[in-house]
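Text of my_file.cif (mmCIF, C-alpha atoms) as supplied:
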```cif
data_entry
#
loop_
_atom_site.label_atom_id
_atom_site.label_comp_id
_atom_site.auth_asym_id
_atom_site.auth_seq_id
_atom_site.Cartn_x
_atom_site.Cartn_y
_atom_site.Cartn_z
CA MET F 772 14.32 -3.05 10.62
CA LEU F 773 17.50 -2.95 12.68
CA ILE F 774 20.62 -1.03 11.70
CA ASN F 775 23.77 -1.44 13.78
CA THR F 776 26.71 0.93 13.72
CA SER F 777 30.04 0.53 15.47
CA SER F 778 33.55 1.97 15.37
CA THR F 779 36.84 0.24 14.62
CA SER F 780 40.16 1.02 16.28
CA ASP F 781 40.85 3.73 13.70
CA SER F 782 37.43 5.30 14.39
CA THR F 783 36.01 4.26 11.03
CA THR F 784 32.25 3.89 11.41
CA ILE F 785 30.61 0.65 10.29
CA ILE F 786 26.93 0.48 9.40
CA GLU F 787 25.41 -2.99 9.43
CA LEU F 788 22.24 -3.22 7.38
CA GLU F 789 20.65 -6.65 6.95
CA ASN F 790 24.03 -8.40 7.25
CA ARG F 791 25.74 -5.98 4.86
CA TYR F 792 28.55 -3.79 6.18
CA TYR F 793 29.41 -0.27 5.05
CA TYR F 794 32.78 1.26 6.00
CA VAL F 795 32.71 5.04 5.85
CA ASN F 796 34.78 8.04 6.89
CA PRO F 797 35.24 8.72 10.61
CA GLY F 798 32.46 10.83 12.06
CA HIS F 799 30.38 10.73 8.89
CA ALA F 800 28.46 7.52 8.09
CA LYS F 801 26.07 7.39 5.15
CA THR F 802 24.10 4.63 3.48
CA ASP F 803 20.84 4.02 1.64
CA PHE F 804 18.36 1.41 2.80
CA ASP F 805 14.91 0.08 2.02
CA VAL F 806 11.90 -0.33 4.31
CA ASP F 807 8.98 -2.17 2.69
CA GLY F 808 9.67 -0.70 -0.74
CA PHE F 809 10.46 2.85 0.39
CA LYS F 810 14.06 3.99 -0.07
CA TRP F 811 15.76 6.14 2.56
CA ARG F 812 19.19 7.64 3.20
CA ILE F 813 20.75 7.85 6.64
CA VAL F 814 23.67 10.13 7.53
CA LEU F 815 25.27 9.88 10.97
CA GLU F 816 27.42 12.85 11.89
CA GLU F 817 29.16 13.69 15.14
CA GLN F 818 26.19 15.29 16.88
CA GLN F 819 23.25 14.68 14.58
CA ILE F 820 21.47 12.09 12.49
CA VAL F 821 19.85 12.96 9.15
CA PHE F 822 17.16 10.95 7.36
CA THR F 823 16.14 11.64 3.75
CA LEU F 824 13.25 10.11 1.82
CA LEU F 825 14.49 9.02 -1.62
CA SER F 826 11.30 7.39 -2.96
CA GLU F 827 8.41 9.20 -4.59
CA LEU F 828 5.20 9.53 -2.58
CA ALA F 829 1.76 9.32 -4.11
CA GLU F 830 -0.40 12.43 -3.97
CA PHE F 831 -2.45 12.73 -0.76
CA CYS F 832 0.05 10.51 1.04
CA THR F 833 2.47 11.14 3.90
CA ILE F 834 4.78 8.77 5.72
CA ASP F 835 6.05 8.73 9.30
CA LEU F 836 9.55 7.44 9.98
CA ILE F 837 10.10 6.22 13.53
CA ILE F 838 13.70 5.79 14.68
CA HIS F 839 14.68 4.27 18.01
CA CYS F 840 18.39 4.82 18.74
CA THR F 841 20.13 2.75 21.41
CA ASP F 842 23.75 2.75 22.60
CA PHE F 843 25.54 1.64 25.76
CA VAL F 844 24.55 4.80 27.63
CA SER F 845 21.12 5.99 26.49
CA SER F 846 18.27 5.56 24.04
CA SER F 847 16.18 8.05 22.09
CA THR F 848 13.14 7.83 19.80
CA PHE F 849 12.53 10.24 16.93
CA THR F 850 9.38 10.47 14.79
CA SER F 851 9.30 12.55 11.62
CA GLN F 852 6.73 13.00 8.87
CA PHE F 853 7.65 13.20 5.18
CA ALA F 854 5.42 14.44 2.37
CA ARG F 855 7.68 14.43 -0.70
CA SER F 856 10.78 12.85 -2.19
CA GLY F 857 14.07 14.49 -1.24
CA GLU F 858 12.76 15.83 2.05
CA SER F 859 15.22 15.56 4.94
CA VAL F 860 14.87 15.72 8.71
CA VAL F 861 17.76 16.43 11.09
CA HIS F 862 17.78 15.17 14.68
CA GLN F 863 20.33 16.42 17.19
CA TRP F 864 21.81 13.41 18.93
CA LEU F 865 25.14 12.62 20.58
CA PRO F 866 25.84 8.86 20.82
CA GLY F 867 27.08 7.68 24.17
CA GLY F 868 29.23 4.83 22.88
CA HIS F 869 31.01 3.30 19.91
CA HIS F 870 28.19 0.89 19.10
CA VAL F 871 24.80 2.25 18.04
CA GLN F 872 21.67 0.32 17.08
CA LEU F 873 18.91 1.99 15.08
CA GLU F 874 15.48 0.36 14.97
CA ILE F 875 13.42 1.79 12.12
CA ASP F 876 9.72 1.57 11.32
CA GLN F 877 7.37 3.54 9.10
CA ILE F 878 3.66 4.35 9.00
CA ILE F 879 1.96 5.35 5.75
CA HIS F 880 -0.95 7.80 5.91
CA GLU F 881 -3.28 8.04 2.91
CA THR F 882 -5.99 10.69 2.82
CA GLN F 883 -8.96 8.77 1.51
CA PHE F 884 -12.16 9.81 -0.21
CA SER F 885 -14.90 10.19 2.42
CA GLY F 886 -17.21 8.21 0.18
CA ILE F 887 -20.77 8.20 -1.09
CA ASP F 888 -23.50 7.67 1.49
CA PHE F 889 -25.01 4.34 0.43
CA SER F 890 -26.99 4.00 3.67
CA ARG F 891 -30.02 5.79 2.21
CA PRO F 892 -31.65 6.00 -1.24
CA PHE F 893 -30.13 8.47 -3.72
CA ASP F 894 -30.55 9.21 -7.44
CA GLN F 895 -33.32 6.62 -7.84
CA THR F 896 -31.45 3.64 -6.42
CA ASN F 897 -33.60 0.54 -6.82
CA ALA F 898 -31.98 -2.27 -4.80
CA ILE F 899 -30.50 -2.83 -1.35
CA LEU F 900 -27.47 -4.99 -0.61
CA ARG F 901 -26.81 -5.96 2.99
CA VAL F 902 -23.30 -6.68 4.27
CA GLU F 903 -22.65 -7.33 7.97
CA ASP F 904 -26.01 -5.75 8.92
CA GLU F 905 -25.16 -2.59 6.96
CA ASP F 906 -27.42 -1.67 4.03
CA PHE F 907 -26.13 -0.29 0.72
CA HIS F 908 -28.60 1.34 -1.69
CA VAL F 909 -27.42 0.72 -5.25
CA HIS F 910 -28.46 0.95 -8.90
CA THR F 911 -29.01 -2.48 -10.44
CA PHE F 912 -28.29 -1.26 -13.98
CA LEU F 913 -24.88 0.15 -13.01
CA LEU F 914 -23.70 -2.88 -11.04
CA SER F 915 -25.01 -5.17 -13.80
CA MET F 916 -22.91 -3.27 -16.34
CA VAL F 917 -19.64 -3.63 -14.43
CA SER F 918 -20.05 -7.05 -12.78
CA ASP F 919 -21.19 -10.39 -14.17
CA PHE F 920 -21.94 -11.49 -10.61
CA PHE F 921 -24.43 -8.68 -10.08
CA ARG F 922 -25.83 -8.97 -13.61
CA ILE F 923 -26.83 -12.55 -12.85
CA LEU F 924 -27.99 -11.63 -9.36
CA PHE F 925 -30.27 -8.83 -10.52
CA ASN F 926 -31.37 -10.15 -13.91
CA GLY F 927 -31.23 -13.94 -13.62
CA SER F 928 -33.70 -16.43 -12.20
CA PHE F 929 -33.08 -15.04 -8.71
CA SER F 930 -34.64 -11.69 -9.62
CA GLU F 931 -37.81 -13.20 -11.07
CA SER F 932 -38.95 -14.38 -7.66
CA SER F 933 -37.40 -11.62 -5.58
CA ASP F 934 -38.54 -8.24 -4.41
CA LEU F 935 -35.58 -5.86 -4.89
CA SER F 936 -36.95 -3.63 -2.13
CA VAL F 937 -35.98 -6.39 0.31
CA PRO F 938 -32.25 -6.32 1.19
CA ILE F 939 -30.13 -8.99 -0.51
CA GLU F 940 -27.52 -10.32 1.88
CA LEU F 941 -23.92 -10.75 0.72
CA LYS F 942 -21.65 -12.94 2.83
CA GLU F 943 -17.92 -13.55 3.27
CA ILE F 944 -17.05 -9.87 2.93
CA SER F 945 -16.64 -6.93 5.29
CA SER F 946 -18.87 -3.89 4.95
CA CYS F 947 -15.81 -1.60 4.87
CA SER F 948 -14.27 -3.50 1.96
CA PHE F 949 -17.56 -3.60 0.07
CA LYS F 950 -17.98 0.15 0.52
CA ASN F 951 -14.54 0.66 -1.04
CA LEU F 952 -15.56 -1.47 -4.01
CA LEU F 953 -18.78 0.51 -4.50
CA ASN F 954 -16.94 3.82 -4.19
CA CYS F 955 -14.48 2.66 -6.82
CA ILE F 956 -17.36 1.76 -9.16
CA TYR F 957 -19.30 4.96 -8.53
CA ALA F 958 -16.64 7.60 -7.91
CA TYR F 959 -13.34 6.69 -9.61
CA PRO F 960 -11.47 8.82 -10.60
CA ASN F 961 -13.59 11.81 -9.53
CA GLY F 962 -13.04 11.46 -5.81
CA PHE F 963 -12.13 7.88 -4.99
CA ARG F 964 -8.47 6.91 -5.40
CA ILE F 965 -6.86 3.52 -5.81
CA THR F 966 -3.94 3.56 -3.39
CA ARG F 967 -1.23 1.37 -1.94
CA GLY F 968 -3.53 0.82 1.03
CA ASN F 969 -6.64 -0.40 -0.80
CA ILE F 970 -5.46 -1.93 -4.08
CA SER F 971 -5.05 -5.42 -2.62
CA GLU F 972 -8.64 -5.66 -1.38
CA LEU F 973 -9.97 -4.09 -4.58
CA LEU F 974 -8.21 -6.76 -6.64
CA GLU F 975 -9.59 -9.49 -4.39
CA LEU F 976 -13.17 -8.18 -4.45
CA SER F 977 -13.23 -7.38 -8.16
CA HIS F 978 -12.02 -10.92 -8.83
CA PHE F 979 -14.61 -12.43 -6.47
CA TYR F 980 -17.50 -10.40 -7.96
CA ASP F 981 -16.20 -10.67 -11.54
CA CYS F 982 -15.96 -6.89 -11.79
CA LYS F 983 -13.61 -6.59 -14.75
CA ARG F 984 -13.61 -2.79 -14.86
CA VAL F 985 -12.19 -2.47 -11.34
CA THR F 986 -9.65 -5.22 -12.06
CA MET F 987 -8.55 -3.34 -15.19
CA LEU F 988 -8.24 -0.06 -13.26
CA CYS F 989 -6.06 -1.74 -10.63
CA GLU F 990 -3.89 -3.38 -13.28
CA ASN F 991 -3.34 -0.03 -15.01
CA ILE F 992 -2.33 1.54 -11.70
CA LEU F 993 0.29 -1.21 -11.27
CA LEU F 994 1.44 -1.06 -14.90
CA TYR F 995 2.20 2.65 -14.74
CA ASN F 996 3.47 2.67 -11.13
CA LEU F 997 0.77 5.06 -9.96
CA CYS F 998 0.85 3.32 -6.56
CA TYR F 999 4.43 4.01 -5.53
CA ASN F 1000 6.80 1.53 -3.94
CA ILE F 1001 4.98 -1.76 -4.43
CA ARG F 1002 7.58 -4.49 -4.83
CA SER F 1003 7.80 -6.37 -8.12
CA VAL F 1004 7.38 -9.70 -6.33
CA GLN F 1005 4.09 -8.50 -4.84
CA LYS F 1006 2.93 -7.28 -8.25
CA MET F 1007 3.77 -10.65 -9.80
CA GLU F 1008 1.89 -12.52 -7.07
CA TRP F 1009 -1.20 -10.42 -7.81
CA ALA F 1010 -0.74 -10.86 -11.56
CA ILE F 1011 -0.70 -14.63 -11.14
CA ARG F 1012 -3.56 -14.79 -8.62
CA TYR F 1013 -5.91 -12.46 -10.51
CA ASP F 1014 -4.92 -13.28 -14.13
CA LEU F 1015 -3.38 -9.89 -14.92
CA GLU F 1016 -1.67 -11.00 -18.11
CA THR F 1017 -0.48 -7.58 -19.29
CA LEU F 1018 1.13 -6.86 -15.93
CA LYS F 1019 2.66 -10.34 -15.82
CA ASN F 1020 4.25 -9.94 -19.26
CA GLN F 1021 5.61 -6.49 -18.39
CA LEU F 1022 7.21 -7.77 -15.19
CA LEU F 1023 8.80 -10.73 -16.97
CA ARG F 1024 10.33 -8.40 -19.56
CA GLN F 1025 11.68 -6.06 -16.90
CA GLU F 1026 12.76 -8.67 -14.34
CA PRO F 1027 13.15 -12.13 -15.95
CA HIS F 1028 14.03 -13.76 -12.61
CA LEU F 1029 10.38 -13.41 -11.58
CA VAL F 1030 9.64 -16.39 -13.84
CA GLU F 1031 10.49 -18.48 -10.77
CA LEU F 1032 7.16 -17.44 -9.25
CA LEU F 1033 5.29 -18.97 -12.19
CA ALA F 1034 6.61 -22.39 -11.20
CA LEU F 1035 4.81 -22.03 -7.87
CA GLU F 1036 1.38 -21.70 -9.49
#
```
Output the file's structure as structure tokens, nothing else.
Amino acid sequence: MLINTSSTSDSTTIIELENRYYYVNPGHAKTDFDVDGFKWRIVLEEQQIVFTLLSELAEFCTIDLIIHCTDFVSSSTFTSQFARSGESVVHQWLPGGHHVQLEIDQIIHETQFSGIDFSRPFDQTNAILRVEDEDFHVHTFLLSMVSDFFRILFNGSFSESSDLSVPIELKEISSCSFKNLLNCIYAYPNGFRITRGNISELLELSHFYDCKRVTMLCENILLYNLCYNIRSVQKMEWAIRYDLETLKNQLLRQEPHLVELLALE
């Protein structure tokens, strides 16, 4: 994101943010802006620049804000980490001209559950699934309970002629994504967390493997905003793609204009 600031003849500072202009008092420019769903406040004073995180952050999550400041004389880059809403960071900086450009980016860090070790047998696992040459030892009864795909795989005609001690290969999926799905099945909520970083792939995999429990968990996270700062348009796209009717109805009540997305189905 680019933010441009400049000064008029009467020294009033102008902040340009996505083609919107903010006229503020000389020597003290302030505005709020949005970067990928996270809300921030910027204050430019005579010799310093202050950034404040306005959005809530999920537990076990931090966010880095990277600011590259350029004027006619010099350029500077500042990186700051934020862990909670309302936190502010002050950078000492003296602009070398009347026109200043701020390029802003952010990096979200989510501390994730280290995960269960599926690479070896545990607690009387009785089947092996192979994804990208990586083996996952699983319990057929548990996966059959939560997924129609695995219920048919383990209990249908396939199982009658198959030795479950021989790895069953699953294709069109990455081993990392599949491990996240298994951890969600085995260890949510006592360890594994559904986050802004993994909810998209969990929705995709739970839909592909007909794992209704994981789909329901993800929908509840979105319904109650437990994954902070996911845009309503993104939620609606998921609701349409993965048949999340409760989420879809909630979004339409809250933001009726989203009905336009239904026409694109």
| message | To test your reading of the syntax: which residues would the PyMOL selection byres ((chain F and resi 1023-1032) around 12) return for the file shown? Reply as a PyMOL selection string. | response | chain F and resi 994+1002-1012+1016-1022+1033-1036
Would you mind exporting C-alpha atoms of the selected residues as a short mmCIF file (atom, residue, chain, number, x, y, z; two decimals), in the frame of the given file?
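To be explicit, this is the file written out as again-v4.cif:
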```cif
data_model
loop_
_atom_site.label_atom_id
_atom_site.label_comp_id
_atom_site.auth_asym_id
_atom_site.auth_seq_id
_atom_site.Cartn_x
_atom_site.Cartn_y
_atom_site.Cartn_z
CA LEU F 994 1.44 -1.06 -14.90
CA ARG F 1002 7.58 -4.49 -4.83
CA SER F 1003 7.80 -6.37 -8.12
CA VAL F 1004 7.38 -9.70 -6.33
CA GLN F 1005 4.09 -8.50 -4.84
CA LYS F 1006 2.93 -7.28 -8.25
CA MET F 1007 3.77 -10.65 -9.80
CA GLU F 1008 1.89 -12.52 -7.07
CA TRP F 1009 -1.20 -10.42 -7.81
CA ALA F 1010 -0.74 -10.86 -11.56
CA ILE F 1011 -0.70 -14.63 -11.14
CA ARG F 1012 -3.56 -14.79 -8.62
CA GLU F 1016 -1.67 -11.00 -18.11
CA THR F 1017 -0.48 -7.58 -19.29
CA LEU F 1018 1.13 -6.86 -15.93
CA LYS F 1019 2.66 -10.34 -15.82
CA ASN F 1020 4.25 -9.94 -19.26
CA GLN F 1021 5.61 -6.49 -18.39
CA LEU F 1022 7.21 -7.77 -15.19
CA LEU F 1033 5.29 -18.97 -12.19
CA ALA F 1034 6.61 -22.39 -11.20
CA LEU F 1035 4.81 -22.03 -7.87
CA GLU F 1036 1.38 -21.70 -9.49
#
```
Residues near F:Leu953, cut-off 12 Å, only C-alpha atoms, skip fewer than 4 positions along chain, as a compact mmCIF listing (two decimals) with C-alpha atoms, in the coordinates of the input:
```txt
# COMPACT_ATOMS: atom_id res chain seq x y z
CA GLY F 886 -17.21 8.21 0.18
CA ILE F 887 -20.77 8.20 -1.09
CA ASP F 888 -23.50 7.67 1.49
CA PHE F 889 -25.01 4.34 0.43
CA LEU F 900 -27.47 -4.99 -0.61
CA PHE F 907 -26.13 -0.29 0.72
CA HIS F 908 -28.60 1.34 -1.69
CA VAL F 909 -27.42 0.72 -5.25
CA HIS F 910 -28.46 0.95 -8.90
CA LEU F 913 -24.88 0.15 -13.01
CA LEU F 914 -23.70 -2.88 -11.04
CA VAL F 917 -19.64 -3.63 -14.43
CA SER F 918 -20.05 -7.05 -12.78
CA SER F 946 -18.87 -3.89 4.95
CA CYS F 947 -15.81 -1.60 4.87
CA SER F 948 -14.27 -3.50 1.96
CA PHE F 949 -17.56 -3.60 0.07
CA TYR F 957 -19.30 4.96 -8.53
CA ALA F 958 -16.64 7.60 -7.91
CA TYR F 959 -13.34 6.69 -9.61
CA PHE F 963 -12.13 7.88 -4.99
CA LEU F 973 -9.97 -4.09 -4.58
CA LEU F 976 -13.17 -8.18 -4.45
CA SER F 977 -13.23 -7.38 -8.16
CA TYR F 980 -17.50 -10.40 -7.96
CA CYS F 982 -15.96 -6.89 -11.79
CA VAL F 985 -12.19 -2.47 -11.34
```
| request: Just give me the gap between atom CA of F:Trp864 and atom CA of F:Trp811 in Å, one decimal is fine. | output: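 Computed distance, atom CA of F:Trp864 to atom CA of F:Trp811, equals 18.9 Å.
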| request: State, in Å with one decimal place, the distance from atom CA of F:Thr823 to atom CA of F:Asn996. | output: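 Distance reported for this atom pair: 21.5 Å.
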| Closest of F:Ser851, F:Ser936, F:Asn926, F:Ser846 to F:Asp906 - atom-to-atom distances counting all atoms listed in the file |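 Answer, going by the shortest atom-to-atom distance: F:Ser936.
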| Pick from F:Ile923, F:Ile939, F:Leu988, F:Ile1001 nearest to F:Leu828, counting only C-alpha atoms |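 Of the candidates, the smallest distance to F:Leu828 is held by F:Ile1001.
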| said: As an exercise, work out the distance from atom CA of F:Lys983 to atom CA of F:Phe925 in Å and give it to one decimal place. | reply: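 Distance between the two atoms: 17.3 Å.
Nearest to F:Ile965 of all the residues F:Ser859, F:Glu903, F:Cys832, F:Glu817 is F:Cys832, counting all atoms listed in the file.
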What do you get, as a compact mmCIF listing (two decimals) with C-alpha atoms, keeping the file's coordinate frame, if you spell out every residue that the PyMOL selection byres ((chain F and resi 878) around 8) selects here?
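Ended up saving to selection.txt:
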```txt
# COMPACT_ATOMS: atom_id res chain seq x y z
CA ILE F 834 4.78 8.77 5.72
CA ASP F 835 6.05 8.73 9.30
CA LEU F 836 9.55 7.44 9.98
CA ASP F 876 9.72 1.57 11.32
CA GLN F 877 7.37 3.54 9.10
CA ILE F 879 1.96 5.35 5.75
CA HIS F 880 -0.95 7.80 5.91
```
| said: When the PyMOL selection byres ((chain F and resi 806) around 9) is applied to the structure above, which residues does it catch, written out as a PyMOL selection string? | reply: chain F and resi 772+804-805+807-811+875-877
| Can you tell me, as number ranges by chain, what residues are no more than 6 Å from stretch 854-857 of chain F when counting all atoms listed in the file, ignoring any on the same chain fewer than 5 positions away? | F: 824-828, 833
| said: List the spatial neighbours of F:Ile838 as a ChimeraX atom specification - criterion: any atom at most 8 Å away, all atoms listed in the file, same-chain residues fewer than 6 positions off excluded. | reply: /F:848-850,873-876
Complete the atoms of stretch 847-861 of chain F to N, CA and C atoms and put them out as a PDB file, keeping the file's coordinate frame.
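Below you can see selection.pdb, which holds the result:
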```pdb
ATOM      1  N   SER F 847      17.038   6.938  22.498  1.00  0.00           N
ATOM      2  CA  SER F 847      16.180   8.050  22.090  1.00  0.00           C
ATOM      3  C   SER F 847      15.274   7.570  20.959  1.00  0.00           C
ATOM      4  N   THR F 848      14.077   8.146  20.879  1.00  0.00           N
ATOM      5  CA  THR F 848      13.140   7.830  19.800  1.00  0.00           C
ATOM      6  C   THR F 848      12.764   9.109  19.079  1.00  0.00           C
ATOM      7  N   PHE F 849      12.868   9.089  17.748  1.00  0.00           N
ATOM      8  CA  PHE F 849      12.530  10.240  16.930  1.00  0.00           C
ATOM      9  C   PHE F 849      11.431   9.840  15.942  1.00  0.00           C
ATOM     10  N   THR F 850      10.437  10.698  15.779  1.00  0.00           N
ATOM     11  CA  THR F 850       9.380  10.470  14.790  1.00  0.00           C
ATOM     12  C   THR F 850       9.300  11.693  13.886  1.00  0.00           C
ATOM     13  N   SER F 851       9.349  11.456  12.582  1.00  0.00           N
ATOM     14  CA  SER F 851       9.300  12.550  11.620  1.00  0.00           C
ATOM     15  C   SER F 851       8.334  12.200  10.508  1.00  0.00           C
ATOM     16  N   GLN F 852       7.670  13.216   9.963  1.00  0.00           N
ATOM     17  CA  GLN F 852       6.730  13.000   8.870  1.00  0.00           C
ATOM     18  C   GLN F 852       7.290  13.577   7.578  1.00  0.00           C
ATOM     19  N   PHE F 853       7.147  12.804   6.493  1.00  0.00           N
ATOM     20  CA  PHE F 853       7.650  13.200   5.180  1.00  0.00           C
ATOM     21  C   PHE F 853       6.488  13.252   4.200  1.00  0.00           C
ATOM     22  N   ALA F 854       6.510  14.268   3.326  1.00  0.00           N
ATOM     23  CA  ALA F 854       5.420  14.440   2.370  1.00  0.00           C
ATOM     24  C   ALA F 854       5.892  14.410   0.919  1.00  0.00           C
ATOM     25  N   ARG F 855       7.206  14.415   0.684  1.00  0.00           N
ATOM     26  CA  ARG F 855       7.680  14.430  -0.700  1.00  0.00           C
ATOM     27  C   ARG F 855       9.094  13.850  -0.776  1.00  0.00           C
ATOM     28  N   SER F 856       9.447  13.403  -1.959  1.00  0.00           N
ATOM     29  CA  SER F 856      10.780  12.850  -2.190  1.00  0.00           C
ATOM     30  C   SER F 856      11.839  13.931  -2.025  1.00  0.00           C
ATOM     31  N   GLY F 857      12.972  13.555  -1.445  1.00  0.00           N
ATOM     32  CA  GLY F 857      14.070  14.490  -1.240  1.00  0.00           C
ATOM     33  C   GLY F 857      13.996  15.256   0.063  1.00  0.00           C
ATOM     34  N   GLU F 858      12.900  15.121   0.776  1.00  0.00           N
ATOM     35  CA  GLU F 858      12.760  15.830   2.050  1.00  0.00           C
ATOM     36  C   GLU F 858      13.653  15.197   3.111  1.00  0.00           C
ATOM     37  N   SER F 859      14.313  16.035   3.899  1.00  0.00           N
ATOM     38  CA  SER F 859      15.220  15.560   4.940  1.00  0.00           C
ATOM     39  C   SER F 859      14.797  16.092   6.305  1.00  0.00           C
ATOM     40  N   VAL F 860      15.113  15.314   7.326  1.00  0.00           N
ATOM     41  CA  VAL F 860      14.870  15.720   8.710  1.00  0.00           C
ATOM     42  C   VAL F 860      16.151  15.499   9.495  1.00  0.00           C
ATOM     43  N   VAL F 861      16.534  16.499  10.286  1.00  0.00           N
ATOM     44  CA  VAL F 861      17.760  16.430  11.090  1.00  0.00           C
ATOM     45  C   VAL F 861      17.379  16.305  12.557  1.00  0.00           C
TER      46      VAL F 861
END
```
